[in-house]
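S.K.: coords_32.txt is reproduced below (compact mmCIF, C-alpha atoms and all ligand atoms).
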```txt
# COMPACT_ATOMS: atom_id res chain seq x y z
CA MET A 411 -139.34 -85.83 132.74
CA LYS A 412 -135.62 -85.03 132.76
CA LYS A 413 -134.15 -82.68 130.18
CA ILE A 414 -130.70 -81.22 129.55
CA CYS A 415 -130.47 -77.42 129.64
CA GLY A 416 -129.34 -75.80 126.39
CA ILE A 417 -127.31 -73.15 128.23
CA CYS A 418 -125.66 -74.75 131.27
CA SER A 419 -125.96 -78.44 130.19
CA ARG A 420 -127.33 -79.49 133.60
CA SER A 421 -130.22 -81.93 133.74
CA PHE A 422 -133.46 -80.54 135.11
CA ASP A 423 -137.00 -81.73 135.73
CA ALA A 424 -139.25 -80.20 133.05
CA ALA A 425 -142.32 -80.83 135.23
CA ALA A 426 -140.88 -79.14 138.34
CA GLU A 427 -142.56 -76.17 140.00
CA ARG A 428 -141.45 -72.82 138.52
CA SER A 429 -140.76 -69.52 140.27
CA GLU A 430 -142.42 -66.36 138.94
CA ASP A 431 -139.17 -65.34 137.23
CA ALA A 432 -138.84 -68.76 135.63
CA LYS A 433 -142.43 -68.56 134.35
CA ALA A 434 -141.68 -65.17 132.84
CA GLY A 435 -138.55 -66.71 131.34
CA GLU A 436 -140.60 -69.47 129.75
CA TRP A 437 -142.86 -66.88 128.17
CA LEU A 438 -139.84 -65.04 126.79
CA ALA A 439 -138.40 -68.35 125.52
CA GLU A 440 -141.60 -68.93 123.54
CA GLU A 441 -142.19 -65.39 122.33
CA VAL A 442 -138.66 -64.04 121.86
CA TRP A 443 -136.05 -66.80 121.56
CA GLN A 444 -138.20 -69.75 120.33
CA ASP A 445 -136.30 -72.16 122.58
CA ALA A 446 -139.04 -72.93 125.11
CA GLY A 447 -138.59 -76.18 126.98
CA THR A 448 -134.83 -76.39 126.41
CA LEU A 449 -133.63 -74.32 129.40
CA CYS A 450 -133.53 -75.14 133.10
CA PRO A 451 -135.46 -72.95 135.59
CA THR A 452 -132.21 -71.38 136.81
CA CYS A 453 -131.21 -70.21 133.33
CA LEU A 454 -134.76 -68.99 132.68
CA GLU A 455 -134.57 -66.91 135.87
CA ILE A 456 -131.15 -65.50 134.99
CA ARG A 457 -132.30 -64.57 131.48
CA THR A 458 -135.47 -62.97 132.84
CA LYS A 459 -133.43 -60.81 135.22
CA LEU A 460 -131.10 -59.74 132.40
CA VAL A 461 -134.06 -58.90 130.17
CA MET A 462 -135.66 -56.84 132.95
CA MET A 463 -132.39 -54.94 133.38
CA TYR A 464 -131.59 -54.29 129.72
CA CYS A 465 -134.70 -54.75 127.56
CA HIS A 466 -137.29 -52.41 128.93
CA GLU A 467 -139.60 -52.93 125.97
CA TYR A 468 -140.53 -56.33 127.46
CA ASN A 469 -141.62 -54.75 130.76
CA THR A 470 -145.35 -54.26 130.88
ZN ZN B 501 -129.51 -74.05 132.64
```
Represent the supplied structure as structure tokens.

M.R.:
Amino acid sequence: MKKICGICSRSFDAAAERSEDAKAGEWLAEEVWQDAGTLCPTCLEIRTKLVMMYCHEYNT
């Protein structure tokens, strides 16, 4: 299923295999930003890396 990313506007396959960072990003999208399913794996990974750098309260 193709979707358009809400950040970079690229199309991506919502059913594609995710990296560990992208899976963490999906969790954050559900729990923190409430925009799960609207971002591509690349943007999820980028956001996860930013969160790990700046938001230490999400590191467990
Ligand atoms: Zn994207």

S.K.: Which residues are close to Trp443 (chain A), i.e. within 12 Å by only C-alpha atoms, leaving aside same-chain residues fewer than 6 positions away? Reply as a PyMOL selection string.

M.R.: chain A and resi 435-437+449+454+457-458+461

S.K.: Point out the residue among A:Glu455, A:Ala424, A:Ile414, A:Cys450 with the least atom-to-atom distance to ligand ZN 501 (chain B), counting only C-alpha atoms and all ligand atoms.

M.R.: A:Cys450

S.K.: Tell me which of A:Ala446, A:Ala432, A:Leu460, A:Ile417 sits closest to ligand ZN 501 (chain B), counting all atoms listed in the file.

M.R.: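 Selected residue with least distance to ligand ZN 501 (chain B): A:Ile417.
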
S.K.: So which one's closest to ligand ZN 501 (chain B), A:Met463, A:Ala425, A:Glu430, A:Thr448? Using only C-alpha atoms and all ligand atoms, please.

M.R.: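 Of A:Met463, A:Ala425, A:Glu430, A:Thr448, the one nearest ligand ZN 501 (chain B) is A:Thr448, counting only C-alpha atoms and all ligand atoms.
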
S.K.: Ranking A:Glu427, A:Tyr464, A:Cys453, A:Ser421 by minimum distance to ligand ZN 501 (chain B) and counting all atoms listed in the file, which one comes first?

M.R.: A:Cys453

S.K.: In Å, with one decimal, what is the gap from CA of Asp445 (chain A) to CA of Asp431 (chain A)?

M.R.: 16.4 Å

S.K.: Between CA of Pro451 (chain A) and CA of Phe422 (chain A), what is the spacing in Å?

M.R.: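 These two atoms are separated by 7.9 Å.
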
S.K.: Have a look at A:Ala434, A:Met462, A:Cys418, A:Met411 and name the one nearest to ligand ZN 501 (chain B); count only C-alpha atoms and all ligand atoms.

M.R.: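 Looking only at the distances to ligand ZN 501 (chain B), the closest residue turns out to be A:Cys418.
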
S.K.: Using all atoms listed in the file, which residue out of A:Leu438, A:Thr452, A:Lys413, A:Lys433 lies closest to ligand ZN 501 (chain B)?

M.R.: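 Of A:Leu438, A:Thr452, A:Lys413, A:Lys433, the one nearest ligand ZN 501 (chain B) is A:Thr452, counting all atoms listed in the file.
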
S.K.: Once 5 Å is added on each side, what are the centre and the three edge lengths, in Å to one decimal, of the axis-aligned box enclosing the listed atoms of region 449-458 of chain A? Present them as JSON.

M.R.:
```
{"center_x": -133.3, "center_y": -69.1, "center_z": 133.1, "size_x": 14.3, "size_y": 22.2, "size_z": 17.4}
```
